[in-house]
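Encoded as structure tokens, the structure appears first; notes follow it.
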Amino acid sequence: ARSLLLYAALAEAGYEVAQANAAHVLDTAVRRSTEQADLPFVREPKALALDMFARSAQQGNVEAQIKLGDYHFYGLGTKADPEQAVAHYRSASESQNAQAMFNLAYMHAHGLGLPRDFHLAKRHYDMAVESSADAFVPVKMALLELYAMQMVEDMLEWPTVQRLRASQGWKQLVDLAVAEDEWQWDTLAIALLVPLLVMVLIVRRRREPRPLIVRG
């Protein structure tokens, strides 16, 4: 608490390091949900953290720029605004920041603040790895998700799957899902049902009697 008061005073004087440190102290309390206990004298810690990150970012702090994107994405200290988050991530990515590129890839993959585009998502994931070797494992895991999502999108175009989705039983299944999570439920169900459908078709084909070929 005392350190925050010192950082805040120096931040008002325009010192970027103090602005970043003050934002870090506030952000730590916000992420731990201990702001009321740790910083009882701060009325709106999320809004103040957002302000300090903004001041620091204006003076060229890339990490603060990413934090601004996070705060706008999750609606911390402000209303949730994915498009504004994209603007901050793009600004940080211009400094070849791997985390910013990864975030942009994720938003392209899921259509959050950006048009859904698997190709651009893959491109940004690749750029993240090129910028930092530390991004290798997270990117590989994210690419697995991306490939799975793309596979599901392709499956949705199958005539058999389209007929399944048009059925009354499918509609009843979708009605059981929470409205805001309908796409996730829809995709999960497709991912589970399609392999089963393929297996059934394979089994049926194997059971079909083969014509007897009479050789003279």
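Chain identifiers are assigned as A, B, and so on, following the order in which chains appear in the structure tokens; residues are numbered from 1 within each chain, and ligands are numbered from 1 in order of appearance.
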
Residues near A:Lys122, anyone? I mean within 10 Å using only C-alpha atoms, not counting same-chain ones fewer than 4 positions away, as a tab-separated table (two decimals) with C-alpha atoms, in the first residue's frame.
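Result written to around.tsv:
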```
chain	number	residue	atom	x	y	z
A	102	PHE	CA	-0.70	-14.88	-29.88
A	105	ALA	CA	-4.27	-15.22	-33.41
A	106	TYR	CA	-6.71	-16.40	-30.75
A	108	HIS	CA	-8.98	-14.41	-35.27
A	109	ALA	CA	-9.60	-18.08	-34.50
A	117	ASP	CA	-10.30	-16.41	-40.11
A	118	PHE	CA	-8.37	-19.63	-39.53
A	126	ASP	CA	3.51	-18.69	-36.57
A	127	MET	CA	4.63	-15.09	-36.10
A	128	ALA	CA	4.46	-15.52	-32.32
A	139	VAL	CA	1.32	-22.14	-29.93
A	142	ALA	CA	-3.38	-23.56	-29.74
A	143	LEU	CA	-2.78	-24.99	-33.22
A	146	LEU	CA	-7.35	-24.48	-34.38
A	147	TYR	CA	-7.10	-27.62	-36.49
```

Long-range neighbours of A:Asp81 as number ranges by chain, 10 Å cut-off, only C-alpha atoms, 2 positions minimum in chain: A: 69-75, 78-79, 83-86, 112-113

Keeping C-alpha atoms, export the residues of the selection given above as a compact mmCIF listing (two decimals), in the first residue's frame.
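Below you can see result19.txt, which holds the result:
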```txt
# COMPACT_ATOMS: atom_id res chain seq x y z
CA GLY A 69 -5.85 -4.94 -24.38
CA ASP A 70 -6.57 -7.42 -21.59
CA TYR A 71 -8.52 -4.88 -19.56
CA HIS A 72 -10.66 -3.93 -22.56
CA PHE A 73 -11.15 -7.57 -23.53
CA TYR A 74 -12.33 -8.67 -20.08
CA GLY A 75 -14.08 -5.42 -19.19
CA THR A 78 -14.26 -0.26 -18.42
CA LYS A 79 -16.88 -2.00 -20.53
CA GLU A 83 -12.36 -4.39 -30.90
CA GLN A 84 -10.55 -1.95 -28.62
CA ALA A 85 -8.53 -4.86 -27.25
CA VAL A 86 -7.51 -5.73 -30.81
CA LEU A 112 -13.59 -12.01 -31.15
CA GLY A 113 -13.27 -8.39 -32.22
```

Backbone-only DSSP, alpha helix (DSSP H) members of stretch 1-122 of chain A, as a ChimeraX atom specification: /A:2-12,16-32,35-38,45-58,62-74,82-93,98-110,118-122

Nearby residues (only C-alpha atoms) at most 10 Å from stretch 27-40 of chain A, same-chain spacing under 6 positions excluded, as a PyMOL selection string: chain A and resi 1-2+4+21+46+48-50+52-53+67+71+76

Atoms to include: C-alpha atoms. Write the selected residues as a short mmCIF file (atom, residue, chain, number, x, y, z; two decimals), in the first residue's frame.
```
data_model
loop_
_atom_site.label_atom_id
_atom_site.label_comp_id
_atom_site.auth_asym_id
_atom_site.auth_seq_id
_atom_site.Cartn_x
_atom_site.Cartn_y
_atom_site.Cartn_z
CA ALA A 1 0.00 0.00 0.00
CA ARG A 2 2.79 2.43 0.87
CA LEU A 4 1.50 2.36 -4.34
CA ASN A 21 4.82 -0.08 -11.17
CA LYS A 46 -9.53 -1.52 -11.77
CA LEU A 48 -7.02 3.29 -11.71
CA ALA A 49 -4.97 0.36 -13.00
CA LEU A 50 -6.39 0.92 -16.48
CA MET A 52 -1.88 3.81 -15.15
CA PHE A 53 -1.44 1.22 -17.89
CA LYS A 67 -2.45 -5.09 -20.39
CA TYR A 71 -8.52 -4.88 -19.56
CA LEU A 76 -11.87 -4.48 -16.23
#
```
